[in-house]
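*Asks:* You'll find run_33.pdb just under this line, and it carries PDB, C-alpha atoms.
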```pdb
ATOM      1  CA  PRO X  14       0.000   0.000   0.000
ATOM      2  CA  ALA X  15       2.797   2.455   0.772
ATOM      3  CA  LEU X  16       4.225   2.195  -2.767
ATOM      4  CA  GLN X  17       0.814   2.741  -4.352
ATOM      5  CA  LEU X  18       0.177   5.798  -2.182
ATOM      6  CA  PHE X  19       3.608   7.176  -3.054
ATOM      7  CA  GLN X  20       2.925   6.723  -6.775
ATOM      8  CA  ASP X  21      -0.460   8.441  -6.470
ATOM      9  CA  GLU X  22       1.067  11.323  -4.534
ATOM     10  CA  LEU X  23       3.901  11.627  -7.065
ATOM     11  CA  LEU X  24       1.373  11.743  -9.889
ATOM     12  CA  LEU X  25      -0.533  14.569  -8.217
ATOM     13  CA  GLU X  26       2.665  16.387  -7.287
ATOM     14  CA  SER X  27       3.768  16.310 -10.941
ATOM     15  CA  ARG X  28       0.915  18.711 -11.689
ATOM     16  CA  ARG X  29       2.490  21.252  -9.335
ATOM     17  CA  VAL X  30       6.156  20.472 -10.039
ATOM     18  CA  PRO X  31       6.758  20.265 -13.793
ATOM     19  CA  GLN X  32      10.215  18.733 -13.286
ATOM     20  CA  LEU X  33       8.508  15.519 -12.109
ATOM     21  CA  ARG X  34       6.337  15.221 -15.193
ATOM     22  CA  ALA X  35       8.787  13.276 -17.392
ATOM     23  CA  SER X  36       9.466  10.742 -14.636
ATOM     24  CA  VAL X  37       5.770  10.201 -14.006
ATOM     25  CA  GLU X  38       5.084   9.858 -17.736
ATOM     26  CA  ARG X  39       7.808   7.183 -18.022
ATOM     27  CA  GLN X  40       6.311   5.364 -15.036
ATOM     28  CA  TYR X  41       2.856   5.319 -16.615
ATOM     29  CA  GLU X  42       4.208   4.313 -20.015
ATOM     30  CA  ALA X  43       5.870   1.305 -18.383
ATOM     31  CA  TYR X  44       2.661   0.516 -16.477
ATOM     32  CA  ILE X  45       0.568   0.632 -19.653
ATOM     33  CA  ALA X  46       3.142  -1.418 -21.565
ATOM     34  CA  ALA X  47       2.988  -4.052 -18.815
ATOM     35  CA  TRP X  48      -0.808  -4.161 -19.162
ATOM     36  CA  GLN X  49      -0.492  -4.457 -22.944
ATOM     37  CA  HIS X  50       1.800  -7.448 -22.468
ATOM     38  CA  ALA X  51      -0.460  -9.050 -19.843
ATOM     39  CA  LEU X  52      -3.569  -8.541 -21.964
ATOM     40  CA  GLY X  53      -1.725  -9.929 -25.000
ATOM     41  CA  ASP X  54      -0.891 -13.031 -22.972
ATOM     42  CA  HIS X  55      -4.627 -13.505 -22.443
ATOM     43  CA  GLY X  56      -5.631 -13.265 -26.086
ATOM     44  CA  PHE X  57      -6.239  -9.533 -26.448
ATOM     45  CA  ASP X  58      -4.521  -7.374 -29.046
ATOM     46  CA  PRO X  59      -1.176  -6.453 -27.440
ATOM     47  CA  ASP X  60      -1.086  -3.260 -29.525
ATOM     48  CA  ASP X  61      -4.380  -1.983 -28.074
ATOM     49  CA  ARG X  62      -3.046   0.836 -25.878
ATOM     50  CA  GLY X  63      -6.577   2.130 -25.333
ATOM     51  CA  LEU X  64      -7.636  -1.113 -23.676
ATOM     52  CA  ALA X  65      -4.421  -1.270 -21.665
ATOM     53  CA  ARG X  66      -4.912   2.326 -20.477
ATOM     54  CA  ALA X  67      -8.546   1.636 -19.565
ATOM     55  CA  VAL X  68      -7.620  -1.446 -17.537
ATOM     56  CA  ALA X  69      -4.739   0.402 -15.881
ATOM     57  CA  ALA X  70      -7.056   3.276 -14.959
ATOM     58  CA  ALA X  71      -9.655   0.893 -13.532
ATOM     59  CA  ILE X  72      -7.069  -0.927 -11.430
ATOM     60  CA  ASP X  73      -5.497   2.373 -10.305
ATOM     61  CA  GLY X  74      -8.888   3.613  -9.182
ATOM     62  CA  LEU X  75      -9.726   0.398  -7.374
ATOM     63  CA  LEU X  76      -6.372   0.405  -5.574
ATOM     64  CA  LEU X  77      -6.918   3.999  -4.502
ATOM     65  CA  GLN X  78     -10.384   3.090  -3.228
ATOM     66  CA  GLN X  79      -8.981   0.137  -1.282
ATOM     67  CA  LEU X  80      -6.398   2.408   0.318
ATOM     68  CA  THR X  81      -9.013   4.993   1.282
ATOM     69  CA  VAL X  82     -12.725   4.158   1.304
ATOM     70  CA  ALA X  83     -13.420   0.565   0.219
ATOM     71  CA  SER X  84     -12.834  -2.819   1.762
ATOM     72  CA  GLN X  85     -10.594  -5.406   0.148
ATOM     73  CA  THR X  86     -13.683  -7.586  -0.317
ATOM     74  CA  ASP X  87     -15.474  -4.861  -2.277
ATOM     75  CA  VAL X  88     -12.429  -4.150  -4.423
ATOM     76  CA  MET X  89     -11.875  -7.828  -5.200
ATOM     77  CA  ALA X  90     -15.524  -8.125  -6.234
ATOM     78  CA  ALA X  91     -14.976  -5.216  -8.629
ATOM     79  CA  VAL X  92     -11.801  -6.828 -10.004
ATOM     80  CA  ARG X  93     -13.697 -10.069 -10.646
ATOM     81  CA  ARG X  94     -16.426  -8.084 -12.416
ATOM     82  CA  LEU X  95     -13.835  -6.295 -14.536
ATOM     83  CA  ARG X  96     -12.364  -9.665 -15.472
ATOM     84  CA  ARG X  97     -15.782 -10.936 -16.561
ATOM     85  CA  LEU X  98     -16.321  -7.796 -18.656
ATOM     86  CA  LEU X  99     -12.987  -8.266 -20.368
ATOM     87  CA  LEU X 100     -13.603 -11.941 -21.083
ATOM     88  CA  ALA X 101     -17.063 -11.154 -22.474
ATOM     89  CA  SER X 102     -15.549  -8.598 -24.857
ATOM     90  CA  LYS X 103     -13.303 -11.117 -26.626
TER      91      LYS X 103
END
```
When written as structure tokens, how does the structure in this file appear?
*Replies:*
Amino acid sequence: PALQLFQDELLLESRRVPQLRASVERQYEAYIAAWQHALGDHGFDPDDRGLARAVAAAIDGLLLQQLTVASQTDVMAAVRRLRRLLLASK
């Protein structure tokens, strides 16, 4: 949880401190590339950056919720639902 909070805080701080922007952009590019690879391993188009970004955003949001306002049980239920949505879209 501490790493996720740090990354979220760094992301927000990059809006106020332009010198952090390039580092944060590289971090997110790597994160999206990792999702592209993972989705490709599960039969999705590995070049679909839009899907990778959407999944990354959903997971980011769910992690932030788990760290702040939602229980792990609720977040895991949402992750399972996201998985079903993805599988249904194949």
*Asks:* Set the distance at 10 Å and use only C-alpha atoms: which residues neighbour Lys103 in chain X once local chain neighbours fewer than 6 positions away are removed? I'd like the list as JSON, numbers by chain.
*Replies:* {"X": [55, 56, 57, 58]}
*Asks:* Do you know which residues the PyMOL selection byres ((chain X and resi 44) around 12) returns on this file, as JSON, numbers by chain?
*Replies:* {"X": [20, 37, 38, 39, 40, 41, 42, 43, 45, 46, 47, 48, 49, 50, 51, 62, 65, 66, 67, 68, 69, 70, 72, 73]}
*Asks:* Write out the residues from the selection above, keeping C-alpha atoms, as a short mmCIF file (atom, residue, chain, number, x, y, z; two decimals), in the frame of the given file.
*Replies:*
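part34.cif written:
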```
data_model
loop_
_atom_site.label_atom_id
_atom_site.label_comp_id
_atom_site.auth_asym_id
_atom_site.auth_seq_id
_atom_site.Cartn_x
_atom_site.Cartn_y
_atom_site.Cartn_z
CA GLN X 20 2.92 6.72 -6.78
CA VAL X 37 5.77 10.20 -14.01
CA GLU X 38 5.08 9.86 -17.74
CA ARG X 39 7.81 7.18 -18.02
CA GLN X 40 6.31 5.36 -15.04
CA TYR X 41 2.86 5.32 -16.61
CA GLU X 42 4.21 4.31 -20.02
CA ALA X 43 5.87 1.30 -18.38
CA ILE X 45 0.57 0.63 -19.65
CA ALA X 46 3.14 -1.42 -21.56
CA ALA X 47 2.99 -4.05 -18.82
CA TRP X 48 -0.81 -4.16 -19.16
CA GLN X 49 -0.49 -4.46 -22.94
CA HIS X 50 1.80 -7.45 -22.47
CA ALA X 51 -0.46 -9.05 -19.84
CA ARG X 62 -3.05 0.84 -25.88
CA ALA X 65 -4.42 -1.27 -21.66
CA ARG X 66 -4.91 2.33 -20.48
CA ALA X 67 -8.55 1.64 -19.57
CA VAL X 68 -7.62 -1.45 -17.54
CA ALA X 69 -4.74 0.40 -15.88
CA ALA X 70 -7.06 3.28 -14.96
CA ILE X 72 -7.07 -0.93 -11.43
CA ASP X 73 -5.50 2.37 -10.30
#
```
*Asks:* Expressed in Å to a single decimal, how great is the separation between CA of Leu100 in chain X and CA of Gly74 in chain X?
*Replies:*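 Separation of CA of Leu100 in chain X and CA of Gly74 in chain X: 20.1 Å.
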*Asks:* Could you state the separation of CA of Ala71 in chain X and CA of Leu95 in chain X in Å, given to one decimal place?
*Replies:*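 Interatomic distance here is 8.4 Å.
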*Asks:* Using only C-alpha atoms, what residues lie at most 12 Å away from (3.0, 1.1, -4.4) (file coordinates), given as JSON, numbers by chain?
*Replies:* {"X": [14, 15, 16, 17, 18, 19, 20, 21, 22, 23, 40, 73, 76, 77, 80]}
*Asks:* Enter the distance from CA of Gln79 in chain X to CA of Arg93 in chain X, in Å, rounded to one decimal.
*Replies:*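 Taking CA of Gln79 in chain X as the start and CA of Arg93 in chain X as the end point, the length is 14.6 Å.
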*Asks:* Hey, which of X:Pro59, X:Gln78, X:Ser36, X:Arg29 ends up closest to Ala91 in chain X? Count all atoms listed in the file.
*Replies:*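 The closest residue to Ala91 in chain X is X:Gln78.
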